[in-house]
Every structure is written in C-alpha cells, then in structure tokens.
file start.txt (compact mmCIF, C-alpha atoms)
# COMPACT_ATOMS: atom_id res chain seq x y z
CA LYS A 1 13.01 3.82 -15.80
CA GLY A 2 16.14 2.18 -14.41
CA GLY A 3 16.26 4.01 -11.07
CA ILE A 4 18.88 6.40 -9.72
CA TYR A 5 22.59 5.58 -9.46
CA ALA A 6 25.56 7.15 -7.70
CA GLY A 7 29.23 6.33 -7.86
CA THR A 8 32.71 6.99 -6.56
CA ILE A 9 36.12 6.15 -7.99
CA SER A 10 36.82 3.63 -5.23
CA GLU A 11 33.39 1.96 -5.01
CA GLY A 12 32.12 2.25 -8.57
CA ILE A 13 28.50 2.76 -9.61
CA GLN A 14 25.70 1.62 -7.29
CA LYS A 15 21.93 1.88 -7.47
CA ILE A 16 20.65 4.00 -4.57
CA SER A 17 16.93 3.88 -5.25
CA SER A 18 16.36 0.12 -4.96
CA GLY A 19 13.61 -0.82 -2.52
CA LEU A 20 13.13 2.82 -1.56
CA ILE A 21 11.67 5.04 -4.28
CA ASP A 22 11.76 2.81 -7.35
CA GLU A 23 8.00 2.32 -7.34
CA ARG A 24 7.45 6.08 -7.27
CA LEU A 25 9.92 6.56 -10.10
CA GLU A 26 8.12 3.97 -12.20
CA ASP A 27 5.05 6.25 -12.19
CA LEU A 28 7.01 9.11 -13.80
CA ASN A 29 6.10 9.68 -17.42
CA LEU A 30 9.08 11.48 -18.95
CA ASP A 31 6.93 12.60 -21.86
CA GLU A 32 4.99 14.67 -19.32
CA ARG A 33 7.68 15.52 -16.74
CA VAL A 34 11.12 17.13 -16.78
CA VAL A 35 13.51 15.81 -14.11
CA ARG A 36 16.45 17.91 -12.89
CA PHE A 37 19.27 16.96 -10.51
CA VAL A 38 20.79 19.77 -8.43
CA TRP A 39 23.51 19.27 -5.82
CA ASN A 40 23.06 21.10 -2.49
CA GLU A 41 26.47 21.55 -0.86
CA ARG A 42 25.15 22.80 2.47
CA ARG A 43 22.71 19.91 2.90
CA GLN A 44 25.18 17.44 1.37
CA GLY A 45 22.64 15.90 -0.92
CA VAL A 46 20.96 16.11 -4.27
CA HIS A 47 17.54 17.50 -5.15
CA ILE A 48 15.57 15.61 -7.78
CA LEU A 49 13.08 18.20 -9.01
CA VAL A 50 10.16 16.97 -11.10
CA THR A 51 8.43 19.57 -13.28
CA PRO A 52 5.30 18.93 -15.38
CA ARG A 53 6.00 19.98 -18.96
CA THR A 54 2.72 21.91 -19.01
CA SER A 55 4.17 24.16 -16.28
CA LEU A 56 7.07 25.11 -18.57
CA LEU A 57 4.67 26.63 -21.07
CA ASN A 58 2.47 28.67 -18.75
CA LYS A 59 2.14 29.92 -15.19
CA ASN A 60 -0.26 27.21 -14.08
CA SER A 61 1.29 24.41 -12.06
CA THR A 62 0.13 21.14 -10.60
CA THR A 63 0.92 19.47 -7.30
CA THR A 64 3.94 17.20 -7.72
CA GLU A 65 6.43 15.28 -5.61
CA HIS A 66 10.13 16.04 -5.55
CA PHE A 67 12.90 13.97 -3.93
CA PHE A 68 16.01 14.67 -1.89
CA PHE A 69 18.82 12.20 -1.27
CA ASP A 70 20.92 12.85 1.85
CA ARG A 71 24.39 11.50 1.19
CA ARG A 72 25.38 11.58 4.87
CA THR A 73 22.58 9.28 6.03
CA GLN A 74 21.98 7.54 2.68
CA SER A 75 18.29 8.35 3.04
CA TRP A 76 15.54 9.55 0.71
CA TRP A 77 13.09 12.34 1.57
CA LEU A 78 9.94 13.49 -0.22
CA ASP A 79 9.43 17.21 -0.83
CA LYS A 80 6.20 18.82 -1.92
CA PHE A 81 5.40 22.53 -2.13
CA ALA A 82 2.09 23.36 -0.41
CA ASN A 83 1.69 26.25 -2.84
CA LYS A 84 1.88 24.63 -6.27
CA ASP A 85 2.98 27.94 -7.84
CA HIS A 86 6.28 27.54 -5.96
CA ASN A 87 7.20 24.50 -8.03
CA PRO A 88 10.33 25.14 -10.10
CA LYS A 89 10.47 25.63 -13.83
CA VAL A 90 14.27 25.79 -13.67
CA ALA A 91 16.86 25.29 -10.92
CA ILE A 92 20.59 25.82 -10.54
CA ALA A 93 23.21 25.69 -7.80
CA ILE A 94 25.02 29.01 -7.32
CA ASP A 95 28.52 28.51 -5.89
CA GLY A 96 29.86 31.94 -4.94
CA ASP A 97 32.88 32.88 -2.85
CA SER A 98 30.83 34.00 0.15
CA ALA A 99 28.78 31.55 2.20
CA THR A 100 25.71 33.71 1.60
CA ASP A 101 26.29 33.45 -2.16
CA ARG A 102 26.08 29.65 -2.23
CA ALA A 103 22.56 28.37 -2.68
CA VAL A 104 20.17 26.37 -4.82
CA ILE A 105 17.89 28.85 -6.59
CA MET A 106 14.73 28.13 -8.53
CA GLY A 107 12.65 29.98 -11.06
CA SER A 108 9.14 29.27 -9.81
CA CYS A 109 5.95 28.85 -11.80
CA ASP A 110 4.59 32.20 -10.58
CA GLY A 111 7.59 34.05 -12.04
CA TYR A 112 9.53 34.60 -8.79
CA ILE A 113 13.04 33.41 -8.02
CA ARG A 114 13.35 31.51 -4.73
CA GLN A 115 16.04 29.57 -2.88
CA PHE A 116 16.24 26.78 -0.33
CA ASP A 117 16.84 28.49 3.02
CA GLU A 118 17.77 26.41 6.07
CA THR A 119 16.58 29.17 8.44
CA ALA A 120 13.12 29.62 6.89
CA THR A 121 10.13 28.71 9.06
CA ALA A 122 7.59 29.06 6.24
CA ASP A 123 7.50 28.54 2.49
CA ASP A 124 7.28 32.18 1.41
CA GLY A 125 4.23 32.73 3.62
CA THR A 126 2.81 29.22 3.29
CA ALA A 127 3.03 26.88 6.30
CA ILE A 128 5.46 23.97 5.95
CA ASN A 129 3.70 20.70 6.70
CA SER A 130 6.56 18.50 7.90
CA HIS A 131 6.40 15.02 9.37
CA VAL A 132 8.44 11.88 9.85
CA TYR A 133 7.45 8.25 10.45
CA PHE A 134 9.64 6.18 12.73
CA GLU A 135 10.28 2.78 11.21
CA PRO A 136 7.57 0.20 11.87
CA ILE A 137 7.76 -1.54 15.22
CA VAL A 138 7.12 -5.23 14.57
CA PRO A 139 7.56 -8.37 16.69
CA ASN A 140 10.39 -10.85 16.24
CA ARG A 141 7.92 -13.65 15.59
CA ASN A 142 5.43 -13.56 12.72
CA THR A 143 2.58 -14.76 14.93
CA ALA A 144 3.15 -12.33 17.79
CA GLY A 145 1.55 -8.98 18.48
CA LEU A 146 2.92 -5.91 20.22
CA ARG A 147 1.82 -3.70 23.06
CA LEU A 148 3.38 -0.25 23.41
CA GLU A 149 3.95 0.38 27.11
CA GLU A 150 5.63 3.77 27.26
CA MET A 151 7.11 6.62 25.20
CA ARG A 152 9.61 9.20 26.43
CA ALA A 153 10.65 12.02 24.11
CA THR A 154 13.29 14.72 24.26
CA ILE A 155 12.69 17.63 21.90
CA ALA A 156 15.49 20.02 20.92
CA LYS A 157 15.98 23.23 22.87
CA ASN A 158 14.04 26.18 21.36
CA SER A 159 12.04 23.79 19.16
CA SER A 160 8.39 24.45 18.45
CA ASN A 161 5.86 21.91 19.66
CA VAL A 162 5.75 18.49 18.00
CA THR A 163 2.54 16.54 17.49
CA TYR A 164 2.84 12.77 17.90
CA ASP A 165 0.49 10.03 16.72
CA VAL A 166 0.65 6.26 17.13
CA TYR A 167 -0.94 4.09 14.44
CA ARG A 168 -1.56 0.36 14.66
CA GLY A 169 -2.44 -2.35 12.16
CA ASP A 170 -2.29 -6.04 11.33
CA SER A 171 0.81 -5.36 9.22
CA ALA A 172 3.32 -2.56 8.70
CA GLU A 173 1.40 -1.49 5.59
CA ASP A 174 -1.92 -1.43 7.44
CA ALA A 175 -0.40 0.64 10.24
CA TYR A 176 1.11 3.11 7.76
CA ARG A 177 -2.16 3.51 5.87
CA ASN A 178 -4.24 3.85 9.02
CA THR A 179 -5.62 7.40 9.30
CA THR A 180 -6.97 7.09 12.84
CA ALA A 181 -4.38 7.40 15.60
CA THR A 182 -4.70 5.19 18.66
CA ILE A 183 -2.65 7.65 20.73
CA ASN A 184 -1.92 11.31 20.04
CA GLY A 185 -0.55 14.28 21.92
CA THR A 186 2.02 17.06 21.93
CA TRP A 187 5.68 17.17 22.92
CA SER A 188 7.33 20.48 23.83
CA ALA A 189 10.96 21.58 23.91
CA GLY A 190 13.14 19.66 26.37
CA TYR A 191 12.44 16.45 28.26
CA ASN A 192 8.79 15.37 28.22
CA LYS A 193 6.85 13.29 30.71
CA SER A 194 6.30 9.63 29.90
CA GLU A 195 3.34 8.73 27.73
CA ARG A 196 1.91 5.54 29.28
CA ARG A 197 -1.25 5.02 27.24
CA LYS A 198 -1.17 1.60 25.60
CA ALA A 199 -1.41 0.67 21.93
CA ARG A 200 -1.68 -2.90 20.67
CA GLY A 201 -1.29 -4.34 17.18
CA ARG A 202 0.73 -6.60 14.88
CA ALA A 203 2.67 -3.48 13.81
CA LEU A 204 2.96 0.07 15.10
CA TYR A 205 4.10 3.37 13.59
CA ILE A 206 4.97 6.57 15.42
CA ARG A 207 4.50 9.81 13.49
CA ALA A 208 5.96 13.17 14.57
CA SER A 209 4.84 16.35 12.83
CA ASN A 210 4.31 20.09 12.85
CA THR A 211 1.98 21.92 10.45
CA ALA A 212 1.99 25.43 11.98
CA ASN A 213 3.13 28.49 10.08
CA SER A 214 6.38 30.23 11.08
CA GLN A 215 7.55 27.36 13.27
CA SER A 216 10.45 24.92 13.17
CA TRP A 217 11.14 21.77 15.14
CA ALA A 218 13.83 19.24 15.90
CA MET A 219 14.00 16.08 18.00
CA GLU A 220 16.75 14.62 20.14
CA GLU A 221 15.32 11.16 20.80
CA VAL A 222 12.24 9.05 21.40
CA PHE A 223 12.57 6.06 23.73
CA CYS A 224 9.87 3.39 23.55
CA THR A 225 9.17 0.35 25.70
CA PHE A 226 6.96 -2.36 24.28
CA LYS A 227 6.18 -6.03 24.79
CA GLU A 228 5.44 -8.88 22.46
CA THR A 229 2.07 -10.36 23.30
CA GLY A 230 1.67 -14.10 23.68
CA LYS A 231 5.04 -15.14 25.01
CA GLN A 232 6.16 -12.49 27.49
CA ALA A 233 9.21 -10.76 26.13
CA SER A 234 10.13 -7.11 26.42
CA ARG A 235 12.12 -5.03 24.00
CA SER A 236 13.11 -1.38 24.09
CA GLY A 237 14.14 0.91 21.26
call {"tool": "encode", "arguments": {"input": "start.txt", "output": "structure tokens"}}
result
Amino acid sequence: KGGIYAGTISEGIQKISSGLIDERLEDLNLDERVVRFVWNERRQGVHILVTPRTSLLNKNSTTTEHFFFDRRTQSWWLDKFANKDHNPKVAIAIDGDSATDRAVIMGSCDGYIRQFDETATADDGTAINSHVYFEPIVPNRNTAGLRLEEMRATIAKNSSNVTYDVYRGDSAEDAYRNTTATINGTWSAGYNKSERRKARGRALYIRASNTANSQSWAMEEVFCTFKETGKQASRSG
C-alpha cells in the first residue's frame, strides 16, 4: 500500500514505483508476506525480497516474485527463483574490507546460505530462465499498423546463444500477452545476419531470452527497420 519511495537531500522524496510495479504491489497481502529491502552495492540497486510468512515457520516454500530496482537506469526488474526452496527467509548485506567479502547473503528455505553472484551461470544447479522484452513498437498514428522489415542484432563477445521471438497484436497489451511468436530464431555471439521475415500488427514486441543451464548472455544492440502501414512512412529504432 502506498508504493515505494526513494529520496536524496537535494531532490527530496519521490515515488519510484508509479506506473511501473504499483499494480503488483497492490496484490501483496502484508498479513501473509514479509517484505525486506537490501541494498546491493555492486549492482547499485536495492532488492525487494518478498517472503511468505508460512515459509518462515517451516521448510516448505511457495513460488513468489521479488523485485530489483537499478538506481543507475532507474528501472525495475522481476526476480523469481526457479527452485522455490531457494527463496530467502532472511537476507542481509555483508560489507567487508575485501571485495570478495562484500555480498548480499540469504538464508534460504532449504536451510542453506546463498549469495547473489554476478559470475554464476546457474542458480545452484538450477537453470536461470532469463528474458527481456524490448518496449512495444507502436505507430505514431492510432489508426496505423506496423510492418517489421528487418532486424539486425549484435550479441556480446563470448555470450551464449540468445533466442529471439517477435509477437504481434492489436494493441501493446495483446502483443505482450500473445504466446505464439510470429518470428523466432537464434542469435549467436558477434554480428548476426539480417532477419528479413516480416511481421505485421498494430503493436509488436521483441523478446530475447536464454533458458539453458550453465550459460550466460549479453547483448550489444538490436537494430530494427519497420514501416507504418497505410500512409507510407518508415522509421528505424
């Protein structure tokens, strides 16, 4: 209730959850959940860890969503442990003198102590299902449609493969909720050949992901060319 706020001496207190995760926060029942805020110095952001109260009393856990706010990009990210027993009962930031002694550690529901590790390629043996949606591509005019003409992607050196999917719909919400991709394929490390298959809709989403165990991935850029249908006008982004 009320959202999440952050503040500085010069700028005062500001709400940082408006229009972003407020609807998700409204579903949190604080009689049933414990919410903890833990600062992560290395990632320059704050973890909002949500623990069911039933998990505090026994080993059994339930699937739950956690949040991370990146201060550098002012963006929110959803975190979810694939293995529900990895959900934290407690969490604390350890700030030691050595770089290796500074970490966010968690007491997990299965009794083990774990930490967030930037170099990990799996979640203690469980594959990390990671994905990102690029903001919806929509026309300038409400009555216009779009046609994706081309995609060119550059994937970071030494990155694992990245799966891409293009979803279309009559609105941004329809495209986001669409579970059937119009175009899909795989990008590999380095510069990739142009994808010239077409996708048409009132709104388009591009999803990049990797679900394989012991892999990590990073992207440099994705360049798209598309046209508004009806009146001929091209835009690139």
call {"tool": "residues_around", "arguments": {"input": "start.txt", "residues": "segment 74-87 of chain A", "least_positions_apart": "6", "cutoff": "8 Å", "atoms": "all atoms listed in the file", "output": "list in words"}}
result
Leu20, Ile21, Thr51, Lys59, Asn60, Ser61, Thr62, Thr63, Thr64, Glu65, His66, Phe67, Phe68, Ser108, Cys109, Asp110, Asp123, Thr126, Ala127, Ile128 and Asn129 of chain A
call {"tool": "residues_around", "arguments": {"input": "start.txt", "residues": "segment 27-29 of chain A", "least_positions_apart": "2", "cutoff": "12 Å", "atoms": "only C-alpha atoms", "output": "ChimeraX atom specification"}}
result
/A:1-3,21-25,31-35,49-53,64-66
call {"tool": "residues_around", "arguments": {"input": "start.txt", "residues": "segment 158-163 of chain A", "least_positions_apart": "6", "cutoff": "12 Å", "atoms": "only C-alpha atoms", "output": "number ranges by chain"}}
result
A: 121, 129-133, 181, 183-192, 206-220, 222
call {"tool": "closest_residue", "arguments": {"input": "start.txt", "among": "A:Asp174, A:Glu221, A:Asp70, A:Glu150", "to": "Gly45 of chain A", "atoms": "only C-alpha atoms"}}
result
A:Asp70
call {"tool": "closest_residue", "arguments": {"input": "start.txt", "among": "A:Met151, A:Thr179, A:Ile137, A:Lys227", "to": "Leu204 of chain A", "atoms": "only C-alpha atoms"}}
result
A:Ile137
call {"tool": "closest_residue", "arguments": {"input": "start.txt", "among": "A:Glu195, A:Asp97, A:Glu135, A:Glu149", "to": "Ala175 of chain A", "atoms": "all atoms listed in the file"}}
result
A:Glu135
